file target-v8.cif (mmCIF, C-alpha atoms)
data_my_file
loop_
_atom_site.group_PDB
_atom_site.id
_atom_site.type_symbol
_atom_site.label_atom_id
_atom_site.label_comp_id
_atom_site.auth_asym_id
_atom_site.auth_seq_id
_atom_site.Cartn_x
_atom_site.Cartn_y
_atom_site.Cartn_z
ATOM 1 C CA PRO E 1 86.425 -42.769 28.088
ATOM 2 C CA GLU E 2 87.167 -45.436 30.706
ATOM 3 C CA MET E 3 88.921 -45.465 34.065
ATOM 4 C CA LEU E 4 91.238 -48.288 35.084
ATOM 5 C CA LEU E 5 91.145 -49.882 38.544
ATOM 6 C CA GLY E 6 93.157 -53.003 39.227
ATOM 7 C CA TRP E 7 94.974 -55.265 41.660
ATOM 8 C CA GLU E 8 97.524 -58.057 41.579
ATOM 9 C CA PHE E 9 98.313 -60.825 44.055
ATOM 10 C CA GLU E 10 101.158 -63.338 44.254
ATOM 11 C CA HIS E 11 101.894 -66.074 46.765
ATOM 12 C CA ARG E 12 105.041 -68.211 46.595
ATOM 13 C CA PHE E 13 104.645 -71.726 47.962
ATOM 14 C CA THR E 14 108.240 -72.762 47.244
ATOM 15 C CA ASP E 15 111.104 -71.496 45.084
ATOM 16 C CA ARG E 16 109.516 -73.307 42.119
ATOM 17 C CA GLN E 17 105.777 -72.886 42.723
ATOM 18 C CA ARG E 18 103.563 -69.834 43.007
ATOM 19 C CA PHE E 19 99.975 -68.662 42.646
ATOM 20 C CA VAL E 20 99.265 -65.414 40.789
ATOM 21 C CA ALA E 21 95.975 -63.547 40.383
ATOM 22 C CA GLY E 22 94.802 -60.145 39.276
ATOM 23 C CA ALA E 23 91.906 -58.130 37.944
ATOM 24 C CA GLU E 24 91.226 -54.921 36.066
ATOM 25 C CA VAL E 25 87.923 -53.041 36.122
ATOM 26 C CA PHE E 26 87.158 -50.522 33.370
ATOM 27 C CA PRO E 27 84.161 -48.350 34.330
ATOM 28 C CA ASN E 28 82.809 -46.091 31.596
ATOM 29 C CA VAL E 29 83.202 -42.482 32.752
ATOM 30 C CA ALA E 30 80.315 -41.129 30.656
ATOM 31 C CA TYR E 31 77.840 -43.919 31.553
ATOM 32 C CA TRP E 32 78.445 -45.243 35.088
ATOM 33 C CA GLY E 33 76.207 -48.286 34.539
ATOM 34 C CA ARG E 34 78.546 -49.645 31.841
ATOM 35 C CA TRP E 35 81.798 -51.397 32.691
ATOM 36 C CA ARG E 36 84.173 -54.207 31.748
ATOM 37 C CA VAL E 37 86.186 -56.605 33.939
ATOM 38 C CA ARG E 38 89.120 -58.894 33.217
ATOM 39 C CA ALA E 39 90.130 -61.267 36.035
ATOM 40 C CA ARG E 40 92.685 -64.077 35.947
ATOM 41 C CA ALA E 41 94.323 -66.615 38.237
ATOM 42 C CA ALA E 42 97.092 -69.117 37.564
ATOM 43 C CA TYR E 43 99.343 -71.652 39.229
ATOM 44 C CA GLU E 44 102.963 -71.658 38.026
ATOM 45 C CA ILE E 45 105.558 -74.393 38.342
ATOM 46 C CA ILE E 46 109.171 -73.814 37.264
ATOM 47 C CA LEU E 47 110.136 -76.974 35.388
ATOM 48 C CA ALA E 48 113.726 -76.130 34.407
ATOM 49 C CA PRO E 49 115.174 -73.016 36.068
ATOM 50 C CA GLU E 50 118.374 -73.177 34.005
ATOM 51 C CA TRP E 51 116.285 -72.792 30.819
ATOM 52 C CA GLY E 52 113.625 -70.515 32.308
ATOM 53 C CA LEU E 53 110.965 -73.137 31.503
ATOM 54 C CA THR E 54 107.686 -72.630 33.398
ATOM 55 C CA LEU E 55 104.294 -74.345 33.249
ATOM 56 C CA ARG E 56 101.297 -72.070 33.910
ATOM 57 C CA ILE E 57 97.753 -73.417 34.424
ATOM 58 C CA GLY E 58 94.873 -71.028 35.009
ATOM 59 C CA ALA E 59 91.646 -69.323 34.079
ATOM 60 C CA GLN E 60 90.623 -65.901 32.797
ATOM 61 C CA GLU E 61 87.183 -64.312 33.086
ATOM 62 C CA ARG E 62 86.055 -61.420 30.880
ATOM 63 C CA TYR E 63 82.837 -59.528 31.579
ATOM 64 C CA ASP E 64 81.179 -56.718 29.624
ATOM 65 C CA SER E 65 77.975 -55.084 30.898
ATOM 66 C CA THR E 66 76.950 -54.045 27.361
ATOM 67 C CA PRO E 67 78.289 -56.725 25.002
ATOM 68 C CA GLY E 68 75.978 -56.080 22.058
ATOM 69 C CA ASN E 69 75.118 -59.410 20.388
ATOM 70 C CA ALA E 70 77.704 -61.386 22.413
ATOM 71 C CA LYS E 71 77.546 -63.035 25.847
ATOM 72 C CA ARG E 72 78.311 -60.916 28.911
ATOM 73 C CA ASN E 73 80.734 -63.480 30.400
ATOM 74 C CA ASP E 74 83.584 -65.386 28.768
ATOM 75 C CA LEU E 75 85.516 -67.850 30.901
ATOM 76 C CA ASP E 76 88.677 -69.309 29.378
ATOM 77 C CA TYR E 77 90.945 -71.999 30.803
ATOM 78 C CA PHE E 78 94.548 -72.229 29.707
ATOM 79 C CA THR E 79 97.777 -74.156 30.001
ATOM 80 C CA THR E 80 100.903 -72.338 28.887
ATOM 81 C CA LEU E 81 104.518 -73.384 28.576
ATOM 82 C CA LEU E 82 106.728 -70.316 29.100
ATOM 83 C CA LEU E 83 110.342 -69.906 28.091
ATOM 84 C CA ARG E 84 111.780 -66.888 29.905
ATOM 85 C CA PHE E 85 115.099 -65.407 28.879
#
call {"tool": "encode", "arguments": {"input": "target-v8.cif", "output": "structure tokens"}}
result
Amino acid sequence: PEMLLGWEFEHRFTDRQRFVAGAEVFPNVAYWGRWRVRARAAYEIILAPEWGLTLRIGAQERYDSTPGNAKRNDLDYFTTLLLRF
């Protein structure tokens, strides 16, 4: 079993630009030395508000204290084109 602890942050620079970030921590309840983390941050720009078109550029970090044969950290960068309706 795991617990879930998390937070989210948002800052609007203008009506069309904002910064978003957040993280979740999953500590193992049975073994307190084992835990996972997922953290992300992104910058969003609304390209066409009438279409709901948004460009999101960011990064996501995943950490696992006991990954088995894999790496403990995985850092991914992304660019996403969102169509909200």
call {"tool": "closest_residue", "arguments": {"input": "target-v8.cif", "among": "E:Phe85, E:Phe13, E:Tyr43, E:Trp35", "to": "Thr66 in chain E", "atoms": "all atoms listed in the file"}}
result
E:Trp35
call {"tool": "atom_distance", "arguments": {"input": "target-v8.cif", "atom1": "CA of Asp74 in chain E", "atom2": "CA of Ala59 in chain E"}}
result
10.4 Å
call {"tool": "atom_distance", "arguments": {"input": "target-v8.cif", "atom1": "CA of Thr79 in chain E", "atom2": "CA of Leu4 in chain E"}}
result
27.2 Å
call {"tool": "closest_residue", "arguments": {"input": "target-v8.cif", "among": "E:Ala39, E:Ile45, E:Val29, E:Glu61", "to": "Arg12 in chain E", "atoms": "all atoms listed in the file"}}
result
E:Ile45
call {"tool": "closest_residue", "arguments": {"input": "target-v8.cif", "among": "E:Leu82, E:Val20, E:Val37, E:Ala70", "to": "Glu2 in chain E", "atoms": "all atoms listed in the file"}}
result
E:Val37
call {"tool": "closest_residue", "arguments": {"input": "target-v8.cif", "among": "E:Leu81, E:Leu75, E:Leu47, E:Met3", "to": "Arg62 in chain E", "atoms": "all atoms listed in the file"}}
result
E:Leu75
call {"tool": "atom_distance", "arguments": {"input": "target-v8.cif", "atom1": "CA of Glu10 in chain E", "atom2": "CA of Ala42 in chain E"}}
result
9.7 Å
call {"tool": "resolve_selection", "arguments": {"input": "target-v8.cif", "expression": "the PyMOL selection byres ((chain E and resi 48) around 12)", "output": "ChimeraX atom specification"}}
result
/E:15-17,45-47,49-55,81-84
call {"tool": "decode", "arguments": {"input": "target-v8.cif", "residues": "range 31-61 of chain E", "atoms": "N, CA and C atoms", "output": "PDB file, in the first residue's frame"}}
result
ATOM      1  N   TYR E  31       6.975  -0.224   3.968  1.00  0.00           N
ATOM      2  CA  TYR E  31       8.424  -0.053   4.008  1.00  0.00           C
ATOM      3  C   TYR E  31       8.727   1.433   3.818  1.00  0.00           C
ATOM      4  N   TRP E  32       8.946   2.169   4.892  1.00  0.00           N
ATOM      5  CA  TRP E  32       9.072   3.623   4.835  1.00  0.00           C
ATOM      6  C   TRP E  32      10.292   4.102   4.050  1.00  0.00           C
ATOM      7  N   GLY E  33      11.263   3.253   3.782  1.00  0.00           N
ATOM      8  CA  GLY E  33      12.417   3.647   2.997  1.00  0.00           C
ATOM      9  C   GLY E  33      12.173   3.591   1.500  1.00  0.00           C
ATOM     10  N   ARG E  34      11.029   3.105   1.073  1.00  0.00           N
ATOM     11  CA  ARG E  34      10.697   2.983  -0.350  1.00  0.00           C
ATOM     12  C   ARG E  34       9.635   4.015  -0.715  1.00  0.00           C
ATOM     13  N   TRP E  35       9.863   4.707  -1.838  1.00  0.00           N
ATOM     14  CA  TRP E  35       8.901   5.715  -2.269  1.00  0.00           C
ATOM     15  C   TRP E  35       9.110   6.065  -3.732  1.00  0.00           C
ATOM     16  N   ARG E  36       8.092   6.669  -4.321  1.00  0.00           N
ATOM     17  CA  ARG E  36       8.123   7.123  -5.709  1.00  0.00           C
ATOM     18  C   ARG E  36       7.731   8.598  -5.739  1.00  0.00           C
ATOM     19  N   VAL E  37       8.233   9.320  -6.755  1.00  0.00           N
ATOM     20  CA  VAL E  37       7.902  10.739  -6.927  1.00  0.00           C
ATOM     21  C   VAL E  37       7.647  10.995  -8.406  1.00  0.00           C
ATOM     22  N   ARG E  38       6.651  11.812  -8.688  1.00  0.00           N
ATOM     23  CA  ARG E  38       6.418  12.313 -10.040  1.00  0.00           C
ATOM     24  C   ARG E  38       6.265  13.828  -9.928  1.00  0.00           C
ATOM     25  N   ALA E  39       7.169  14.565 -10.574  1.00  0.00           N
ATOM     26  CA  ALA E  39       7.134  16.031 -10.543  1.00  0.00           C
ATOM     27  C   ALA E  39       7.125  16.551 -11.981  1.00  0.00           C
ATOM     28  N   ARG E  40       6.416  17.652 -12.208  1.00  0.00           N
ATOM     29  CA  ARG E  40       6.324  18.199 -13.555  1.00  0.00           C
ATOM     30  C   ARG E  40       6.183  19.719 -13.486  1.00  0.00           C
ATOM     31  N   ALA E  41       6.637  20.364 -14.547  1.00  0.00           N
ATOM     32  CA  ALA E  41       6.509  21.810 -14.696  1.00  0.00           C
ATOM     33  C   ALA E  41       6.343  22.108 -16.175  1.00  0.00           C
ATOM     34  N   ALA E  42       5.527  23.123 -16.483  1.00  0.00           N
ATOM     35  CA  ALA E  42       5.278  23.454 -17.884  1.00  0.00           C
ATOM     36  C   ALA E  42       4.917  24.928 -18.029  1.00  0.00           C
ATOM     37  N   TYR E  43       5.217  25.444 -19.200  1.00  0.00           N
ATOM     38  CA  TYR E  43       4.846  26.799 -19.585  1.00  0.00           C
ATOM     39  C   TYR E  43       3.807  26.673 -20.691  1.00  0.00           C
ATOM     40  N   GLU E  44       2.662  27.342 -20.523  1.00  0.00           N
ATOM     41  CA  GLU E  44       1.574  27.246 -21.495  1.00  0.00           C
ATOM     42  C   GLU E  44       1.312  28.588 -22.156  1.00  0.00           C
ATOM     43  N   ILE E  45       1.093  28.536 -23.460  1.00  0.00           N
ATOM     44  CA  ILE E  45       0.751  29.724 -24.234  1.00  0.00           C
ATOM     45  C   ILE E  45      -0.517  29.398 -25.028  1.00  0.00           C
ATOM     46  N   ILE E  46      -1.557  30.192 -24.853  1.00  0.00           N
ATOM     47  CA  ILE E  46      -2.787  30.010 -25.631  1.00  0.00           C
ATOM     48  C   ILE E  46      -2.557  30.634 -27.000  1.00  0.00           C
ATOM     49  N   LEU E  47      -2.575  29.805 -28.025  1.00  0.00           N
ATOM     50  CA  LEU E  47      -2.319  30.268 -29.393  1.00  0.00           C
ATOM     51  C   LEU E  47      -3.572  30.805 -30.067  1.00  0.00           C
ATOM     52  N   ALA E  48      -4.686  30.103 -29.909  1.00  0.00           N
ATOM     53  CA  ALA E  48      -5.955  30.508 -30.530  1.00  0.00           C
ATOM     54  C   ALA E  48      -7.082  30.248 -29.533  1.00  0.00           C
ATOM     55  N   PRO E  49      -7.468  31.262 -28.757  1.00  0.00           N
ATOM     56  CA  PRO E  49      -8.497  31.041 -27.737  1.00  0.00           C
ATOM     57  C   PRO E  49      -9.850  30.633 -28.312  1.00  0.00           C
ATOM     58  N   GLU E  50     -10.169  31.071 -29.523  1.00  0.00           N
ATOM     59  CA  GLU E  50     -11.456  30.698 -30.113  1.00  0.00           C
ATOM     60  C   GLU E  50     -11.519  29.216 -30.465  1.00  0.00           C
ATOM     61  N   TRP E  51     -10.372  28.575 -30.659  1.00  0.00           N
ATOM     62  CA  TRP E  51     -10.318  27.138 -30.944  1.00  0.00           C
ATOM     63  C   TRP E  51      -9.934  26.327 -29.712  1.00  0.00           C
ATOM     64  N   GLY E  52      -9.454  26.994 -28.661  1.00  0.00           N
ATOM     65  CA  GLY E  52      -8.951  26.295 -27.495  1.00  0.00           C
ATOM     66  C   GLY E  52      -7.583  25.672 -27.749  1.00  0.00           C
ATOM     67  N   LEU E  53      -6.796  26.291 -28.632  1.00  0.00           N
ATOM     68  CA  LEU E  53      -5.490  25.761 -29.022  1.00  0.00           C
ATOM     69  C   LEU E  53      -4.406  26.314 -28.097  1.00  0.00           C
ATOM     70  N   THR E  54      -3.679  25.410 -27.435  1.00  0.00           N
ATOM     71  CA  THR E  54      -2.659  25.785 -26.457  1.00  0.00           C
ATOM     72  C   THR E  54      -1.373  25.020 -26.717  1.00  0.00           C
ATOM     73  N   LEU E  55      -0.246  25.710 -26.592  1.00  0.00           N
ATOM     74  CA  LEU E  55       1.075  25.095 -26.685  1.00  0.00           C
ATOM     75  C   LEU E  55       1.627  24.940 -25.275  1.00  0.00           C
ATOM     76  N   ARG E  56       2.056  23.737 -24.922  1.00  0.00           N
ATOM     77  CA  ARG E  56       2.611  23.452 -23.597  1.00  0.00           C
ATOM     78  C   ARG E  56       4.022  22.895 -23.759  1.00  0.00           C
ATOM     79  N   ILE E  57       4.999  23.508 -23.085  1.00  0.00           N
ATOM     80  CA  ILE E  57       6.388  23.075 -23.119  1.00  0.00           C
ATOM     81  C   ILE E  57       6.823  22.829 -21.674  1.00  0.00           C
ATOM     82  N   GLY E  58       7.397  21.646 -21.414  1.00  0.00           N
ATOM     83  CA  GLY E  58       7.757  21.367 -20.028  1.00  0.00           C
ATOM     84  C   GLY E  58       8.638  20.158 -19.846  1.00  0.00           C
ATOM     85  N   ALA E  59       8.728  19.750 -18.584  1.00  0.00           N
ATOM     86  CA  ALA E  59       9.543  18.600 -18.200  1.00  0.00           C
ATOM     87  C   ALA E  59       8.830  17.827 -17.104  1.00  0.00           C
ATOM     88  N   GLN E  60       9.097  16.519 -17.072  1.00  0.00           N
ATOM     89  CA  GLN E  60       8.539  15.655 -16.029  1.00  0.00           C
ATOM     90  C   GLN E  60       9.644  14.748 -15.502  1.00  0.00           C
ATOM     91  N   GLU E  61       9.757  14.685 -14.186  1.00  0.00           N
ATOM     92  CA  GLU E  61      10.741  13.841 -13.517  1.00  0.00           C
ATOM     93  C   GLU E  61      10.015  12.725 -12.781  1.00  0.00           C
TER      94      GLU E  61
END
